[in-house]
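Asker: Before I ask anything, here is the structure I am working with.
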Amino acid sequence: MAKQAYIFDVTEDNFDTLVVENSAQIPVVVAFLNADTESQTLAQDLSHFAQTFAQQFVFAKVNVDEQTELAGAFELEQTPTTVIFINGEIQNAKQGAISPEDIALMLRQIGVYDPVEEMRLEAHDKYMAGDPAGAVALLTQAIQLDPSRTLVALDMVQIMLDLDQIEGATSLFNKLPDEAKQSQVGRNITSQMTFKKMAANTPGLVALSEQIEANPQDHEGRFNLAICHISNLNFDEAMTHLFELQTSQPDFQNGAPKETIITLCNLITATDPALAKRYRQQLNNLLN
């Protein structure tokens with residue numbers, strides 16, 4: 001059973017109990033709010049964090065329009081204002097809107113964070129810095145801490161795909177629950193695995209590049225070269241060849257250029273929606 005988040009509406013009558021006394025056990029984040037958009041957004045974000053880190057801190061909401069005396073006791077200069085209590089004392093206070101990223105940092109400073117997610121993000125940084133072995137080691141530790149965290153396993157699959165470890169990536173991916181496979185990340189990985197397997201059945205990037213240079217009318221070679229570029233995440237290069245085919249040979253392999261362009265647009269939408277939109281517009285211009 002999921003843990004119940006500690007989220008309370010605080011009044012002058014219950015402030016000492018819900019805020020001061022509770023802060024002797026766990027941190028209490030008090031948000032002084034009104035009806036404006038900034039306050040409502042902050043309330044939603046803090047509620048989300050309270051649910052994510054259920055029972056690791058108390059989220060106490062004070063409606064300043066109703067609790068005028070309580071708000072006056074804190075001499076607020078701005079609404080919203082967020083105040084953190086620990087052991088009955090104010091430890092931190094922030095005026096105005098707070099982004100989700102700053103909320104996460106604020107909570108991290110009082111010991112409220114997700115160690116598995118921290119390891120996953122650190123692994124991502126290591127991988128982007130050119131240390132795949134370090135990234136895999138961290139992800140392995142994260143999985144051992146919490147085997148149910150499928151996003152960690154999906155990150156591992158992604159790295160294995162990037163390293164052309166197709167068999168291992170496929171094996172790990174197949175072990176994941178259907179919910180993970182059907183997520184946006186899971187669907188993207190499925191597409192990538194398909195392109196990797198297709199590319200493995202071609203002569204390869206170098207040979208195909210030479211082949212097309214020698215014979216620009218080699219449509220099958222050009223299509224296979226696009227597949228190889230997709231498998232290596234060289235999307236601009238792939239689209240160049242696919243649009244060339246869509247322009248000159250739209251019926252190639254029963255419309256394969258168009259279908260591949262659409263699939264590739266879907267693949268990159270989550271990471272680069274502007275680029276995907278540009279490709280879709282380019283395709284639409286060709287079709288109309």
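Chain identifiers are assigned as A, B, and so on, following the order in which chains appear in the structure tokens; residues are numbered from 1 within each chain, and ligands are numbered from 1 in order of appearance.
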Could you name the residues that touch A:Lys94 at 7 Å or less, counting only C-alpha atoms, but leaving out those on the same chain fewer than 2 positions away, as a ChimeraX atom specification?
Answerer: /A:81-83,92,96
Asker: Neighbouring residues of stretch 133-147 of chain A were defined as those with any atom within 10 Å, considering only C-alpha atoms; residues of the same chain fewer than 6 positions away were excluded. Please report them as a list of chain:residue names.
Answerer: A:Pro115, A:Val116, A:Glu117, A:Glu118, A:Met119, A:Arg120, A:Leu121, A:Glu122, A:Ala123, A:His124, A:Asp125, A:Lys126, A:Tyr127, A:Ala153, A:Leu154, A:Asp155, A:Met156, A:Val157, A:Ile159, A:Met160
Asker: So which residues of stretch 102-134 of chain A fall under alpha helix (DSSP H) by DSSP, listed as a PyMOL selection string?
Answerer: chain A and resi 102-108+115-128+132-134
Asker: Within 8 Å of A:Ala43, counting only C-alpha atoms, which residues show up once you throw out same-chain ones fewer than 2 positions away? Write them as a PyMOL selection string, please.
Answerer: chain A and resi 31+33+39-41+45-47+61
Asker: Write out the residues from the selection above, keeping N, CA, C and O atoms, as a PDB file, in the first residue's frame.
Answerer:
ATOM      1  N   ALA A  31       3.623  26.796   3.335  1.00  0.00           N
ATOM      2  CA  ALA A  31       3.439  27.707   2.201  1.00  0.00           C
ATOM      3  C   ALA A  31       2.297  28.656   2.521  1.00  0.00           C
ATOM      4  O   ALA A  31       1.167  28.227   2.780  1.00  0.00           O
ATOM      5  N   LEU A  33      -0.221  31.093   1.111  1.00  0.00           N
ATOM      6  CA  LEU A  33      -0.777  31.159  -0.235  1.00  0.00           C
ATOM      7  C   LEU A  33      -2.019  32.034  -0.290  1.00  0.00           C
ATOM      8  O   LEU A  33      -2.719  32.204   0.707  1.00  0.00           O
ATOM      9  N   SER A  39       0.602  31.263  -6.449  1.00  0.00           N
ATOM     10  CA  SER A  39       0.331  30.479  -5.236  1.00  0.00           C
ATOM     11  C   SER A  39      -0.241  29.110  -5.576  1.00  0.00           C
ATOM     12  O   SER A  39       0.163  28.081  -5.000  1.00  0.00           O
ATOM     13  N   GLN A  40      -1.169  29.069  -6.506  1.00  0.00           N
ATOM     14  CA  GLN A  40      -1.800  27.799  -6.855  1.00  0.00           C
ATOM     15  C   GLN A  40      -0.807  26.850  -7.527  1.00  0.00           C
ATOM     16  O   GLN A  40      -0.836  25.637  -7.294  1.00  0.00           O
ATOM     17  N   THR A  41       0.070  27.399  -8.347  1.00  0.00           N
ATOM     18  CA  THR A  41       1.096  26.565  -8.984  1.00  0.00           C
ATOM     19  C   THR A  41       2.050  26.003  -7.955  1.00  0.00           C
ATOM     20  O   THR A  41       2.400  24.816  -7.982  1.00  0.00           O
ATOM     21  N   ASP A  45       2.770  22.081  -7.041  1.00  0.00           N
ATOM     22  CA  ASP A  45       4.116  21.501  -7.104  1.00  0.00           C
ATOM     23  C   ASP A  45       4.523  20.904  -5.768  1.00  0.00           C
ATOM     24  O   ASP A  45       5.074  19.787  -5.699  1.00  0.00           O
ATOM     25  N   LEU A  46       4.262  21.615  -4.676  1.00  0.00           N
ATOM     26  CA  LEU A  46       4.618  21.095  -3.360  1.00  0.00           C
ATOM     27  C   LEU A  46       3.789  19.861  -3.005  1.00  0.00           C
ATOM     28  O   LEU A  46       4.289  18.931  -2.359  1.00  0.00           O
ATOM     29  N   SER A  47       2.537  19.837  -3.435  1.00  0.00           N
ATOM     30  CA  SER A  47       1.705  18.646  -3.212  1.00  0.00           C
ATOM     31  C   SER A  47       2.292  17.447  -3.946  1.00  0.00           C
ATOM     32  O   SER A  47       2.317  16.322  -3.411  1.00  0.00           O
ATOM     33  N   LYS A  61      -0.324  24.096   4.342  1.00  0.00           N
ATOM     34  CA  LYS A  61      -0.820  25.207   3.528  1.00  0.00           C
ATOM     35  C   LYS A  61      -1.559  26.216   4.402  1.00  0.00           C
ATOM     36  O   LYS A  61      -2.445  25.844   5.182  1.00  0.00           O
TER      37      LYS A  61
END
Asker: Using only C-alpha atoms, which residue out of A:Phe252, A:Asn188, A:Ile212, A:Asp236 lies closest to A:Leu275?
Answerer: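 Distance minimum relative to A:Leu275 lands on A:Asp236.
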Asker: Select, from A:Thr68, A:Leu205, A:Leu42, A:Leu172, the residue with the minimum atom-to-atom distance to A:Asp102, counting only C-alpha atoms.
Answerer: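 Answer, going by the shortest atom-to-atom distance: A:Leu42.
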Asker: Tell me, as a ChimeraX atom specification, which residues lie within 12 Å of A:Gln91, counting only C-alpha atoms; anything in the same chain fewer than 4 positions away does not count.
Answerer: /A:23,27-30,82-87,106-107,109-110
Asker: When you draw a straight line from atom CA of A:Leu264 to atom CA of A:Phe235, how long is it in Å?
Answerer: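 Answer for the atom CA of A:Leu264 to atom CA of A:Phe235 separation: 8.0 Å.
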Asker: Set the distance at 9 Å and use only C-alpha atoms: which residues neighbour A:Phe243 once local chain neighbours fewer than 5 positions away are removed? I'd like the list as a PyMOL selection string.
Answerer: chain A and resi 238+248+257-258+261+282-283+286
Asker: Those selected residues, please, written with all heavy atoms and delivered as a short mmCIF file (atom, residue, chain, number, x, y, z; two decimals), in the first residue's frame.
Answerer:
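Now in out23.cif:
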data_model
loop_
_atom_site.label_atom_id
_atom_site.label_comp_id
_atom_site.auth_asym_id
_atom_site.auth_seq_id
_atom_site.Cartn_x
_atom_site.Cartn_y
_atom_site.Cartn_z
N ALA A 238 20.29 11.31 -41.66
CA ALA A 238 19.27 10.35 -42.07
C ALA A 238 18.14 11.05 -42.82
O ALA A 238 17.69 10.58 -43.88
CB ALA A 238 18.72 9.62 -40.84
N SER A 248 12.30 11.93 -54.88
CA SER A 248 12.55 11.28 -56.18
C SER A 248 11.88 9.92 -56.32
O SER A 248 11.50 9.52 -57.44
CB SER A 248 14.06 11.11 -56.40
OG SER A 248 14.63 10.29 -55.39
N PRO A 257 10.09 5.57 -47.45
CA PRO A 257 10.67 6.85 -47.03
C PRO A 257 9.71 7.66 -46.14
O PRO A 257 10.11 8.15 -45.08
CB PRO A 257 10.96 7.57 -48.35
CG PRO A 257 11.16 6.47 -49.33
CD PRO A 257 10.18 5.40 -48.92
N LYS A 258 8.47 7.78 -46.57
CA LYS A 258 7.49 8.55 -45.80
C LYS A 258 7.27 7.93 -44.42
O LYS A 258 7.27 8.63 -43.40
CB LYS A 258 6.17 8.61 -46.56
CG LYS A 258 5.03 9.23 -45.77
CD LYS A 258 3.71 9.13 -46.54
CE LYS A 258 2.54 9.55 -45.68
NZ LYS A 258 1.24 9.39 -46.39
N ILE A 261 10.24 8.55 -42.18
CA ILE A 261 10.28 9.95 -41.73
C ILE A 261 9.32 10.15 -40.57
O ILE A 261 9.65 10.76 -39.55
CB ILE A 261 9.95 10.91 -42.89
CG1 ILE A 261 11.09 10.92 -43.91
CG2 ILE A 261 9.71 12.32 -42.36
CD1 ILE A 261 10.75 11.66 -45.20
N GLN A 282 8.26 19.90 -43.27
CA GLN A 282 8.95 19.63 -44.54
C GLN A 282 8.26 18.49 -45.30
O GLN A 282 8.08 18.56 -46.53
CB GLN A 282 10.42 19.27 -44.26
CG GLN A 282 11.28 19.14 -45.52
CD GLN A 282 12.75 18.91 -45.17
OE1 GLN A 282 13.17 19.08 -44.02
NE2 GLN A 282 13.53 18.52 -46.15
N LEU A 283 7.86 17.45 -44.57
CA LEU A 283 7.16 16.34 -45.20
C LEU A 283 5.80 16.80 -45.73
O LEU A 283 5.40 16.44 -46.85
CB LEU A 283 6.97 15.20 -44.20
CG LEU A 283 6.20 13.98 -44.71
CD1 LEU A 283 6.90 13.33 -45.90
CD2 LEU A 283 6.02 12.95 -43.59
N LEU A 286 6.09 18.56 -48.97
CA LEU A 286 6.32 17.65 -50.09
C LEU A 286 5.04 16.95 -50.52
O LEU A 286 4.81 16.74 -51.72
CB LEU A 286 7.37 16.60 -49.71
CG LEU A 286 8.83 16.99 -49.81
CD1 LEU A 286 9.72 15.84 -49.32
CD2 LEU A 286 9.21 17.36 -51.24
#
Asker: Suppose you want the space between atom CA of A:Arg222 and atom CA of A:Leu267; what is it in Å?
Answerer: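 Result for atom CA of A:Arg222 versus atom CA of A:Leu267: 20.5 Å, one decimal.
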Asker: Skip A:Asn174 itself and residues of its chain fewer than 5 positions away, then list as a VMD selection string all residues within 12 Å of it, counting only C-alpha atoms.
Answerer: chain A and resid 150 153 to 154 157 167 to 169 179 to 182 186 189 to 190 193
